[in-house]
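Participant: Next comes structure.cif, mmCIF, C-alpha atoms:
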```cif
data_upload
loop_
_atom_site.label_atom_id
_atom_site.label_comp_id
_atom_site.auth_asym_id
_atom_site.auth_seq_id
_atom_site.Cartn_x
_atom_site.Cartn_y
_atom_site.Cartn_z
CA MET A 317 -22.66 -8.96 28.12
CA MET A 318 -19.64 -8.39 25.89
CA LYS A 319 -16.92 -6.58 27.81
CA SER A 320 -14.41 -4.18 26.33
CA GLY A 321 -11.49 -2.03 27.40
CA MET A 322 -7.77 -1.58 26.89
CA GLY A 323 -6.39 -4.37 24.70
CA PHE A 324 -9.81 -5.90 24.05
CA LEU A 325 -9.23 -5.65 20.28
CA PRO A 326 -5.96 -5.64 18.31
CA PRO A 327 -4.37 -2.20 18.80
CA MET A 328 -4.00 0.09 15.80
CA GLY A 329 -1.56 2.94 15.31
CA TRP A 330 1.83 4.02 13.97
CA ASN A 331 5.38 3.15 15.06
CA SER A 332 8.55 5.04 14.18
CA TRP A 333 10.99 2.13 13.80
CA ASN A 334 10.50 0.63 10.35
CA THR A 335 11.19 3.83 8.43
CA PHE A 336 13.09 6.12 10.79
CA THR A 337 14.87 3.79 13.31
CA TRP A 338 17.29 6.10 15.20
CA ASP A 339 16.40 9.30 13.27
CA ILE A 340 13.41 10.50 15.30
CA ASN A 341 12.42 13.83 16.83
CA GLU A 342 9.39 15.57 18.25
CA ASP A 343 8.55 17.51 15.07
CA LEU A 344 8.36 14.25 13.09
CA VAL A 345 6.13 12.65 15.70
CA LYS A 346 3.84 15.68 15.79
CA ASN A 347 3.59 15.68 11.99
CA ILE A 348 2.56 12.03 11.99
CA ALA A 349 0.01 12.69 14.73
CA ASP A 350 -1.44 15.51 12.63
CA ILE A 351 -1.79 13.21 9.62
CA ILE A 352 -3.39 10.39 11.65
CA ALA A 353 -5.90 12.83 13.11
CA GLU A 354 -6.68 14.88 10.01
CA LYS A 355 -6.48 12.47 7.05
CA GLY A 356 -8.97 9.80 8.08
CA TYR A 357 -6.68 7.30 9.81
CA LYS A 358 -8.05 8.08 13.26
CA ASP A 359 -11.59 7.72 11.92
CA VAL A 360 -10.99 4.07 10.94
CA GLY A 361 -9.32 3.13 14.22
CA TYR A 362 -5.63 4.10 14.25
CA GLU A 363 -4.97 5.74 17.62
CA TYR A 364 -1.51 4.97 19.05
CA ILE A 365 1.52 7.08 18.06
CA VAL A 366 4.51 5.05 19.25
CA ILE A 367 8.13 6.19 19.53
CA ASP A 368 10.47 3.22 19.26
CA ASP A 369 14.16 2.88 20.28
CA CYS A 370 16.73 5.74 20.39
CA TRP A 371 14.62 8.36 22.16
CA SER A 372 16.70 8.66 25.36
CA LEU A 373 20.18 9.65 26.41
CA ARG A 374 22.78 6.88 26.75
CA GLU A 375 22.82 7.12 30.55
CA ARG A 376 20.22 7.54 33.27
CA ASP A 377 20.37 10.64 35.46
CA ALA A 378 21.72 10.79 39.02
CA HIS A 379 18.36 9.61 40.36
CA GLY A 380 18.28 6.57 38.08
CA CYS A 381 15.63 8.05 35.78
CA LEU A 382 15.47 7.80 32.01
CA VAL A 383 16.16 11.08 30.23
CA ALA A 384 14.71 12.05 26.88
CA ASP A 385 17.38 13.22 24.43
CA PRO A 386 17.05 17.04 24.53
CA ALA A 387 18.37 17.38 21.00
CA LYS A 388 15.57 15.17 19.65
CA PHE A 389 12.82 16.03 22.12
CA PRO A 390 13.56 19.51 23.50
CA SER A 391 10.05 19.98 24.88
CA GLY A 392 10.18 16.69 26.77
CA MET A 393 7.92 13.65 26.72
CA LYS A 394 5.09 15.07 28.81
CA ALA A 395 4.67 17.97 26.38
CA LEU A 396 4.71 15.56 23.43
CA ALA A 397 2.12 13.38 25.15
CA ASP A 398 -0.05 16.45 25.69
CA TYR A 399 0.16 17.32 21.98
CA ILE A 400 -0.78 13.82 20.90
CA HIS A 401 -3.64 13.69 23.40
CA SER A 402 -4.90 17.04 22.09
CA LYS A 403 -5.45 15.30 18.75
CA GLY A 404 -7.62 12.65 20.39
CA LEU A 405 -4.81 10.08 20.02
CA LYS A 406 -2.72 8.02 22.43
CA PHE A 407 1.03 8.15 23.09
CA GLY A 408 3.33 5.12 23.07
CA MET A 409 6.97 4.66 24.05
CA TYR A 410 9.63 1.95 24.05
CA SER A 411 11.88 0.17 26.51
CA CYS A 412 13.53 -3.21 26.88
CA ALA A 413 13.56 -6.14 29.31
CA GLY A 414 17.37 -6.19 29.24
CA THR A 415 20.02 -3.94 30.67
CA HIS A 416 20.05 -1.99 27.39
CA THR A 417 17.77 -1.55 24.42
CA CYS A 418 18.63 -3.10 21.06
CA ALA A 419 20.34 0.15 20.03
CA GLY A 420 22.35 0.34 23.26
CA PHE A 421 20.28 2.81 25.30
CA PRO A 422 19.27 2.14 28.94
CA GLY A 423 16.86 -0.77 29.35
CA SER A 424 14.42 -1.34 32.20
CA PHE A 425 16.03 -4.41 33.79
CA GLU A 426 15.87 -3.89 37.58
CA HIS A 427 14.14 -0.52 36.95
CA GLU A 428 10.70 -1.87 36.06
CA PHE A 429 8.61 -0.20 38.78
CA SER A 430 10.38 3.16 38.68
CA ASP A 431 10.27 3.24 34.86
CA ALA A 432 6.57 2.38 34.84
CA ALA A 433 5.95 5.22 37.31
CA GLN A 434 7.93 7.59 35.08
CA LEU A 435 5.89 6.59 32.03
CA ALA A 436 2.73 7.26 34.01
CA GLU A 437 4.02 10.74 34.95
CA TRP A 438 4.59 11.45 31.26
CA GLU A 439 1.02 10.21 30.59
CA VAL A 440 2.14 7.43 28.27
CA ASP A 441 -0.60 5.06 27.03
CA TYR A 442 1.40 2.20 25.47
CA LEU A 443 4.74 0.50 26.10
CA LYS A 444 6.57 -1.62 23.54
CA TYR A 445 8.94 -3.81 25.55
CA ASP A 446 11.83 -5.40 23.63
CA TYR A 447 14.14 -8.32 24.50
CA CYS A 448 17.75 -7.32 23.80
CA PHE A 449 20.64 -7.63 26.31
CA LYS A 450 18.68 -9.80 28.71
CA PRO A 451 21.06 -11.29 31.30
CA ARG A 452 21.87 -14.75 30.01
CA ASN A 453 20.59 -16.72 32.99
CA MET A 454 17.56 -14.55 33.68
CA ASP A 455 14.13 -16.02 32.93
CA GLY A 456 12.37 -14.02 30.19
CA GLU A 457 8.91 -15.03 31.35
CA LEU A 458 9.62 -13.53 34.76
CA LEU A 459 10.85 -10.27 33.24
CA TYR A 460 7.66 -9.77 31.24
CA ARG A 461 5.57 -10.71 34.25
CA ARG A 462 7.52 -8.16 36.30
CA MET A 463 6.97 -5.26 33.89
CA SER A 464 3.33 -6.18 33.46
CA LEU A 465 2.83 -5.97 37.21
CA ALA A 466 4.69 -2.66 37.33
CA LEU A 467 2.48 -1.17 34.61
CA LYS A 468 -0.71 -2.41 36.27
CA ASN A 469 0.34 -0.66 39.48
CA CYS A 470 1.70 2.62 38.08
CA GLY A 471 -1.54 4.56 38.46
CA ARG A 472 -2.31 4.81 34.74
CA ASP A 473 -3.72 2.51 32.08
CA ILE A 474 -0.76 1.60 29.84
CA LEU A 475 -1.17 -1.02 27.14
CA PHE A 476 1.65 -3.58 27.37
CA SER A 477 3.16 -4.68 24.04
CA ALA A 478 5.58 -7.55 24.74
CA CYS A 479 8.22 -7.92 22.03
CA ASN A 480 10.32 -11.04 22.62
CA TRP A 481 10.31 -12.13 18.93
CA GLY A 482 8.52 -15.44 19.58
CA ALA A 483 11.32 -16.74 21.82
CA ASP A 484 11.05 -19.01 24.86
CA GLY A 485 7.75 -20.60 23.83
CA VAL A 486 6.05 -17.23 24.41
CA HIS A 487 2.67 -18.48 23.13
CA ASP A 488 2.38 -20.80 26.12
CA TRP A 489 2.74 -18.20 28.86
CA ILE A 490 2.35 -14.64 27.62
CA ARG A 491 -1.41 -14.33 28.22
CA SER A 492 -0.96 -15.22 31.87
CA SER A 493 1.72 -12.51 32.24
CA GLY A 494 -0.82 -9.76 31.62
CA ALA A 495 0.52 -8.51 28.27
CA HIS A 496 -2.08 -7.16 25.83
CA MET A 497 -0.13 -8.12 22.68
CA TYR A 498 3.06 -10.00 21.98
CA ARG A 499 5.50 -10.31 19.13
CA SER A 500 5.55 -13.82 17.75
CA THR A 501 8.16 -13.32 15.01
CA GLY A 502 11.52 -11.85 14.20
CA ASP A 503 11.71 -8.35 12.72
CA ILE A 504 9.79 -7.82 9.50
CA GLN A 505 11.60 -6.56 6.40
CA ASP A 506 10.23 -4.50 3.53
CA ASN A 507 10.24 -7.32 1.00
CA TRP A 508 7.83 -9.99 -0.20
CA GLY A 509 9.86 -12.91 1.15
CA SER A 510 9.71 -11.56 4.70
CA ILE A 511 5.95 -10.96 4.56
CA LYS A 512 5.31 -14.43 3.15
CA ASN A 513 7.55 -16.24 5.63
CA ILE A 514 6.06 -14.46 8.65
CA ALA A 515 2.50 -15.19 7.57
CA ILE A 516 3.12 -18.87 6.87
CA SER A 517 4.98 -19.29 10.17
CA GLN A 518 1.99 -18.04 12.17
CA ILE A 519 -0.88 -19.96 10.58
CA GLU A 520 -0.45 -22.93 12.91
CA LYS A 521 -0.43 -20.57 15.91
CA SER A 522 -3.77 -18.96 15.15
CA ALA A 523 -5.30 -20.32 18.36
CA TYR A 524 -2.88 -18.22 20.43
CA THR A 525 -4.63 -14.90 19.93
CA GLY A 526 -7.79 -13.35 21.29
CA ASN A 527 -9.33 -10.57 23.34
CA TYR A 528 -6.83 -8.85 25.63
CA CYS A 529 -3.79 -10.76 24.28
CA HIS A 530 -3.13 -10.48 20.54
CA ASN A 531 -0.52 -12.24 18.42
CA ASP A 532 1.59 -9.43 16.94
CA MET A 533 3.12 -10.39 13.58
CA ASP A 534 5.17 -7.16 13.64
CA MET A 535 4.54 -3.74 12.20
CA LEU A 536 3.13 -3.12 8.74
CA VAL A 537 5.50 -2.29 5.89
CA VAL A 538 2.64 -1.15 3.63
CA GLY A 539 3.69 1.94 1.68
CA MET A 540 7.39 1.88 2.56
CA PHE A 541 8.67 1.09 -0.97
CA GLY A 542 12.22 0.65 0.32
CA GLY A 543 12.05 3.88 2.31
CA SER A 544 13.75 2.72 5.51
CA ASN A 545 17.02 4.25 6.67
CA ASN A 546 18.02 0.80 7.92
CA ASP A 547 19.68 -1.74 5.60
CA PHE A 548 18.11 -4.74 7.37
CA ILE A 549 14.54 -3.47 7.08
CA GLY A 550 15.11 -2.42 3.50
CA LYS A 551 16.49 0.71 1.85
CA ILE A 552 15.65 -0.15 -1.73
CA GLY A 553 12.95 -1.98 -3.63
CA GLY A 554 10.20 -2.73 -1.19
CA CYS A 555 7.02 -4.36 -2.50
CA THR A 556 4.33 -3.67 -5.08
CA HIS A 557 0.92 -2.26 -4.21
CA THR A 558 -0.53 -5.74 -4.78
CA GLU A 559 1.94 -7.30 -2.33
CA TYR A 560 1.20 -4.63 0.25
CA LYS A 561 -2.53 -5.29 -0.21
CA THR A 562 -1.96 -9.00 0.45
CA HIS A 563 0.24 -8.18 3.44
CA PHE A 564 -2.49 -6.01 4.96
CA SER A 565 -5.13 -8.66 4.26
CA LEU A 566 -3.11 -11.37 6.00
CA TRP A 567 -2.55 -9.22 9.09
CA CYS A 568 -6.26 -8.35 9.23
CA LEU A 569 -7.58 -11.90 8.94
CA MET A 570 -4.94 -13.30 11.28
CA GLY A 571 -5.86 -10.79 13.98
CA SER A 572 -2.53 -9.01 14.24
CA PRO A 573 -2.32 -5.50 15.68
CA LEU A 574 -2.14 -2.98 12.83
CA MET A 575 0.80 -0.65 13.45
CA ILE A 576 1.71 1.44 10.40
CA GLY A 577 5.44 1.65 9.72
CA CYS A 578 5.72 3.89 6.65
CA ASP A 579 6.30 7.63 6.37
CA LEU A 580 2.70 8.80 6.17
CA ARG A 581 3.84 12.20 4.90
CA LYS A 582 4.76 10.44 1.63
CA ALA A 583 1.89 7.94 1.41
CA ASP A 584 0.38 7.76 -2.08
CA GLU A 585 -3.32 7.33 -2.80
CA GLU A 586 -3.11 3.54 -3.17
CA THR A 587 -1.25 3.20 0.14
CA GLU A 588 -3.97 5.23 1.86
CA LYS A 589 -6.67 3.06 0.31
CA ILE A 590 -4.97 -0.09 1.62
CA LEU A 591 -4.36 1.19 5.14
CA LYS A 592 -7.83 2.72 5.48
CA ASN A 593 -9.92 -0.08 3.96
CA PRO A 594 -12.88 -0.11 6.38
CA ARG A 595 -14.06 -3.61 5.44
CA LEU A 596 -10.69 -5.23 6.18
CA ILE A 597 -10.32 -3.23 9.39
CA GLU A 598 -13.79 -4.33 10.48
CA ILE A 599 -12.68 -7.95 10.09
CA ASN A 600 -9.52 -7.29 12.10
CA GLN A 601 -11.49 -5.47 14.79
CA ASP A 602 -14.31 -8.01 15.10
CA ALA A 603 -15.44 -8.06 18.74
CA GLU A 604 -14.80 -11.77 19.29
CA ALA A 605 -11.17 -11.48 18.07
CA ARG A 606 -11.03 -15.12 17.01
CA GLY A 607 -8.03 -16.57 15.26
CA CYS A 608 -8.52 -17.80 11.73
CA TYR A 609 -8.21 -21.35 10.45
CA ARG A 610 -6.61 -22.59 7.24
CA VAL A 611 -8.34 -24.61 4.54
CA LYS A 612 -6.11 -26.26 1.99
CA PRO A 613 -7.63 -25.89 -1.47
CA GLU A 614 -8.40 -28.68 -3.89
CA PRO A 615 -7.18 -30.33 -6.07
CA GLN A 616 -4.73 -32.06 -3.80
CA TRP A 617 -1.94 -32.33 -6.37
CA PHE A 618 -1.66 -28.54 -6.53
CA GLN A 619 -1.29 -28.08 -2.78
CA THR A 620 1.55 -25.94 -1.49
CA ASN A 621 2.09 -23.94 1.68
CA GLU A 622 2.05 -20.80 -0.46
CA VAL A 623 -1.56 -21.22 -1.65
CA PHE A 624 -4.29 -21.43 0.98
CA ILE A 625 -7.62 -20.16 2.28
CA LEU A 626 -7.98 -18.47 5.67
CA VAL A 627 -11.37 -18.35 7.39
CA LYS A 628 -12.22 -16.12 10.34
CA VAL A 629 -15.47 -16.63 12.24
CA LEU A 630 -17.14 -13.28 12.96
CA GLN A 631 -19.43 -12.34 15.82
CA ASN A 632 -22.63 -12.10 13.76
CA GLY A 633 -22.40 -15.58 12.22
CA GLU A 634 -20.69 -14.35 9.08
CA LEU A 635 -17.33 -15.60 7.79
CA ALA A 636 -14.34 -13.68 6.48
CA VAL A 637 -12.79 -15.83 3.76
CA GLY A 638 -9.40 -15.01 2.27
CA PHE A 639 -8.04 -16.73 -0.84
CA PHE A 640 -4.26 -16.22 -0.77
CA ASN A 641 -1.80 -16.96 -3.56
CA LEU A 642 1.69 -16.29 -2.21
CA SER A 643 3.29 -18.26 -5.05
CA ASP A 644 4.90 -16.81 -8.17
CA ASP A 645 2.26 -18.17 -10.57
CA ARG A 646 -1.41 -17.47 -11.21
CA ARG A 647 -3.48 -20.14 -9.45
CA GLU A 648 -7.04 -21.42 -9.25
CA ILE A 649 -8.13 -21.84 -5.63
CA SER A 650 -11.15 -24.02 -4.87
CA LEU A 651 -13.09 -23.91 -1.61
CA GLN A 652 -15.43 -26.74 -0.66
CA PHE A 653 -18.13 -25.41 1.68
CA TRP A 654 -18.08 -28.77 3.46
CA ASP A 655 -14.77 -27.61 4.98
CA LEU A 656 -16.57 -24.61 6.48
CA GLY A 657 -19.22 -26.78 8.14
CA ILE A 658 -21.83 -26.17 5.43
CA SER A 659 -23.10 -29.41 3.91
CA TYR A 660 -25.00 -29.56 0.64
CA ALA A 661 -27.78 -31.40 2.48
CA SER A 662 -28.33 -28.34 4.67
CA GLY A 663 -29.61 -26.44 1.66
CA ARG A 664 -27.70 -23.35 2.80
CA LYS A 665 -25.73 -21.09 0.50
CA LEU A 666 -23.14 -18.37 1.03
CA SER A 667 -23.71 -14.85 -0.22
CA PHE A 668 -20.34 -13.11 -0.64
CA TYR A 669 -19.18 -9.49 -0.60
CA ASP A 670 -15.80 -8.48 -2.09
CA CYS A 671 -13.98 -6.49 0.58
CA TRP A 672 -11.42 -4.91 -1.77
CA GLU A 673 -13.68 -4.15 -4.72
CA ASP A 674 -16.49 -3.06 -2.38
CA LYS A 675 -19.25 -4.88 -4.24
CA ASP A 676 -21.39 -8.02 -4.18
CA PHE A 677 -19.55 -11.12 -5.35
CA GLY A 678 -22.50 -13.50 -5.77
CA THR A 679 -24.22 -16.39 -4.00
CA TYR A 680 -22.84 -19.93 -4.17
CA GLN A 681 -23.70 -23.40 -2.94
CA GLU A 682 -21.34 -26.26 -2.09
CA ARG A 683 -18.22 -24.82 -3.77
CA LEU A 684 -16.49 -21.66 -4.92
CA ALA A 685 -13.48 -21.66 -7.26
CA VAL A 686 -11.59 -18.44 -8.02
CA THR A 687 -8.43 -17.54 -9.91
CA VAL A 688 -5.92 -15.41 -8.03
CA ASP A 689 -2.85 -13.74 -9.52
CA ALA A 690 0.62 -14.29 -8.09
CA HIS A 691 1.21 -12.55 -4.72
CA ASP A 692 -2.42 -11.44 -4.71
CA CYS A 693 -5.52 -12.28 -2.69
CA LEU A 694 -9.29 -12.18 -2.73
CA ILE A 695 -11.05 -11.26 0.54
CA LEU A 696 -14.74 -12.08 0.81
CA ARG A 697 -17.24 -11.68 3.60
CA GLY A 698 -19.75 -14.53 3.52
CA LYS A 699 -23.28 -14.66 4.92
CA LEU A 700 -25.42 -17.80 5.14
CA VAL A 701 -28.63 -17.62 3.16
#
```
Starting from the coordinates I provided, produce the structure as structure tokens.

Facilitator:
Amino acid sequence: MMKSGMGFLPPMGWNSWNTFTWDINEDLVKNIADIIAEKGYKDVGYEYIVIDDCWSLRERDAHGCLVADPAKFPSGMKALADYIHSKGLKFGMYSCAGTHTCAGFPGSFEHEFSDAAQLAEWEVDYLKYDYCFKPRNMDGELLYRRMSLALKNCGRDILFSACNWGADGVHDWIRSSGAHMYRSTGDIQDNWGSIKNIAISQIEKSAYTGNYCHNDMDMLVVGMFGGSNNDFIGKIGGCTHTEYKTHFSLWCLMGSPLMIGCDLRKADEETEKILKNPRLIEINQDAEARGCYRVKPEPQWFQTNEVFILVKVLQNGELAVGFFNLSDDRREISLQFWDLGISYASGRKLSFYDCWEDKDFGTYQERLAVTVDAHDCLILRGKLV
């Protein structure tokens, strides 16, 4: 029998950092929760509303407890959690494995069990756990193991999102720590180069993801269009709708958690269509949560790391097949079905459905060649016939 539960599939939700960084408050978070609940995002699977760094005061109180900044969150975190829960959503917060967070607020080093208990009292459902200001000679693996144990013994189910940026060979040990998802990359930026580099860097690590422990390629920048208040993430420019579509497709096929990072109050119609595409989300949320594999297209003399095919095996025997052209030129991409395990001698064909155009794509035998524009993709769902 297929089991399920917290962290079984890649988590979906919204995180405050990419757009708002330090400029957060309870009214903003409530507004986003309203949009998630009322504009169809919850219906397709987005459920976590996560406050990132800069939510607390600079010092703990006399009892060693974290204190929510009363200027930003005058009603307190329990009241905010109650509001989010009233929308049928889940509440996420942020801390750090070091002595301080990346923005210089109190971290959870040596406070793991008391902080986990405090999160449980506030009825938090998700913890993003960063990696700044870790004591130099302290073992990172131990710190994540320690917080995982604290969360599992705090009296409440809290999803553990480990965020150590892919350091310390995290792929080798993070599943055994008890984390439900883990960051495998540096911080994403709202530009095409960042999206492309992150995706290519993770293709060879596709085996290190699965049920209950998902490879997190960082939050989505879909729909930001240079809207961050942080220079590093990107204040100007951003990407095109086509690039955001490809970004979302990569994250879906590669099994990354889908955490929206844009200001949903300003999302245009095309951004909503990308983020709420039910066919791509269904691929991402497939019950077996298998990593994808890469097929290098023919002909060989055109091969480049920027042009490739990703294939994800789905639970019902179907295949999700993504043709990706991350290069700056229009390219023909050819897939030989032999590379999928389908020989011509088998007599089997593949019937395809276009997941972006929402229509049948045709039935093919032995080979499929398509032309894909620069920075674009074609996502098909294939069924053996």

Participant: Using the chain letters and numbers from this file, what does the PyMOL selection byres ((chain A and resi 527) around 6) select? Give the answer as a PyMOL selection string.

Facilitator: chain A and resi 324-325+526+528-529+605

Participant: I want to know what sits within 9 Å of stretch 413-428 of chain A, based on all atoms listed in the file, with residues of the same chain fewer than 2 positions away left out; could you give that as a PyMOL selection string?

Facilitator: chain A and resi 338+369-376+380-382+410-411+430-433+445-451+456+459-460+462-467+480

Participant: Could you write those residues out with C-alpha atoms, as a PDB file, in the coordinates of the input?

Facilitator:
```pdb
ATOM      1  CA  TRP A 338      17.290   6.100  15.200  1.00  0.00           C
ATOM      2  CA  ASP A 369      14.160   2.880  20.280  1.00  0.00           C
ATOM      3  CA  CYS A 370      16.730   5.740  20.390  1.00  0.00           C
ATOM      4  CA  TRP A 371      14.620   8.360  22.160  1.00  0.00           C
ATOM      5  CA  SER A 372      16.700   8.660  25.360  1.00  0.00           C
ATOM      6  CA  LEU A 373      20.180   9.650  26.410  1.00  0.00           C
ATOM      7  CA  ARG A 374      22.780   6.880  26.750  1.00  0.00           C
ATOM      8  CA  GLU A 375      22.820   7.120  30.550  1.00  0.00           C
ATOM      9  CA  ARG A 376      20.220   7.540  33.270  1.00  0.00           C
ATOM     10  CA  GLY A 380      18.280   6.570  38.080  1.00  0.00           C
ATOM     11  CA  CYS A 381      15.630   8.050  35.780  1.00  0.00           C
ATOM     12  CA  LEU A 382      15.470   7.800  32.010  1.00  0.00           C
ATOM     13  CA  TYR A 410       9.630   1.950  24.050  1.00  0.00           C
ATOM     14  CA  SER A 411      11.880   0.170  26.510  1.00  0.00           C
ATOM     15  CA  SER A 430      10.380   3.160  38.680  1.00  0.00           C
ATOM     16  CA  ASP A 431      10.270   3.240  34.860  1.00  0.00           C
ATOM     17  CA  ALA A 432       6.570   2.380  34.840  1.00  0.00           C
ATOM     18  CA  ALA A 433       5.950   5.220  37.310  1.00  0.00           C
ATOM     19  CA  TYR A 445       8.940  -3.810  25.550  1.00  0.00           C
ATOM     20  CA  ASP A 446      11.830  -5.400  23.630  1.00  0.00           C
ATOM     21  CA  TYR A 447      14.140  -8.320  24.500  1.00  0.00           C
ATOM     22  CA  CYS A 448      17.750  -7.320  23.800  1.00  0.00           C
ATOM     23  CA  PHE A 449      20.640  -7.630  26.310  1.00  0.00           C
ATOM     24  CA  LYS A 450      18.680  -9.800  28.710  1.00  0.00           C
ATOM     25  CA  PRO A 451      21.060 -11.290  31.300  1.00  0.00           C
ATOM     26  CA  GLY A 456      12.370 -14.020  30.190  1.00  0.00           C
ATOM     27  CA  LEU A 459      10.850 -10.270  33.240  1.00  0.00           C
ATOM     28  CA  TYR A 460       7.660  -9.770  31.240  1.00  0.00           C
ATOM     29  CA  ARG A 462       7.520  -8.160  36.300  1.00  0.00           C
ATOM     30  CA  MET A 463       6.970  -5.260  33.890  1.00  0.00           C
ATOM     31  CA  SER A 464       3.330  -6.180  33.460  1.00  0.00           C
ATOM     32  CA  LEU A 465       2.830  -5.970  37.210  1.00  0.00           C
ATOM     33  CA  ALA A 466       4.690  -2.660  37.330  1.00  0.00           C
ATOM     34  CA  LEU A 467       2.480  -1.170  34.610  1.00  0.00           C
ATOM     35  CA  ASN A 480      10.320 -11.040  22.620  1.00  0.00           C
TER      36      ASN A 480
END
```

Participant: What do you get, as a PDB file with C-alpha atoms, in the coordinates of the input, if you spell out every residue that the PyMOL selection byres ((chain A and resi 670) around 12) selects here?

Facilitator:
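Output below, filename expr.pdb:
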```pdb
ATOM      1  CA  ASN A 593      -9.920  -0.080   3.960  1.00  0.00           C
ATOM      2  CA  ARG A 595     -14.060  -3.610   5.440  1.00  0.00           C
ATOM      3  CA  LEU A 596     -10.690  -5.230   6.180  1.00  0.00           C
ATOM      4  CA  ALA A 636     -14.340 -13.680   6.480  1.00  0.00           C
ATOM      5  CA  VAL A 637     -12.790 -15.830   3.760  1.00  0.00           C
ATOM      6  CA  GLY A 638      -9.400 -15.010   2.270  1.00  0.00           C
ATOM      7  CA  PHE A 639      -8.040 -16.730  -0.840  1.00  0.00           C
ATOM      8  CA  SER A 667     -23.710 -14.850  -0.220  1.00  0.00           C
ATOM      9  CA  PHE A 668     -20.340 -13.110  -0.640  1.00  0.00           C
ATOM     10  CA  TYR A 669     -19.180  -9.490  -0.600  1.00  0.00           C
ATOM     11  CA  CYS A 671     -13.980  -6.490   0.580  1.00  0.00           C
ATOM     12  CA  TRP A 672     -11.420  -4.910  -1.770  1.00  0.00           C
ATOM     13  CA  GLU A 673     -13.680  -4.150  -4.720  1.00  0.00           C
ATOM     14  CA  ASP A 674     -16.490  -3.060  -2.380  1.00  0.00           C
ATOM     15  CA  LYS A 675     -19.250  -4.880  -4.240  1.00  0.00           C
ATOM     16  CA  ASP A 676     -21.390  -8.020  -4.180  1.00  0.00           C
ATOM     17  CA  PHE A 677     -19.550 -11.120  -5.350  1.00  0.00           C
ATOM     18  CA  GLY A 678     -22.500 -13.500  -5.770  1.00  0.00           C
ATOM     19  CA  THR A 679     -24.220 -16.390  -4.000  1.00  0.00           C
ATOM     20  CA  CYS A 693      -5.520 -12.280  -2.690  1.00  0.00           C
ATOM     21  CA  LEU A 694      -9.290 -12.180  -2.730  1.00  0.00           C
ATOM     22  CA  ILE A 695     -11.050 -11.260   0.540  1.00  0.00           C
ATOM     23  CA  LEU A 696     -14.740 -12.080   0.810  1.00  0.00           C
ATOM     24  CA  ARG A 697     -17.240 -11.680   3.600  1.00  0.00           C
ATOM     25  CA  GLY A 698     -19.750 -14.530   3.520  1.00  0.00           C
ATOM     26  CA  LYS A 699     -23.280 -14.660   4.920  1.00  0.00           C
TER      27      LYS A 699
END
```

Participant: Just give me the residues with any atom within 12 Å of (-16.5, -20.3, -7.9), file coordinates, counting all atoms listed in the file, written as a PyMOL selection string.

Facilitator: chain A and resi 639+648-653+666-668+677-688

Participant: Which residue, A:Ile519, A:Ala483, A:Val360, A:Leu569, has the smallest gap to A:Leu591 when you use only C-alpha atoms?

Facilitator: A:Val360

Participant: Quick check on the file I pasted: which residues fall under the PyMOL selection byres ((chain A and resi 572-574) around 8)? Write them as a PyMOL selection string.

Facilitator: chain A and resi 326-329+497+530-536+567-571+575-576+600

Participant: List the neighbours of A:Trp333 out to 10 Å using only C-alpha atoms; skip same-chain residues closer than 4 positions along the sequence, and give me the result as an MDAnalysis selection string.

Facilitator: chainID A and resid 337:340 366:370 535 544:546 549 576:578

Participant: Tell me which protein, DNA and RNA residues are within 6 Å of A:Phe476, counting only C-alpha atoms, leaving out same-chain ones fewer than 3 positions away, and put them as a VMD selection string.

Facilitator: chain A and resid 443 495 to 496

Participant: As an exercise, work out the distance from atom CA of A:Ile599 to atom CA of A:Gly361 in Å and give it to one decimal place.

Facilitator: 12.3 Å
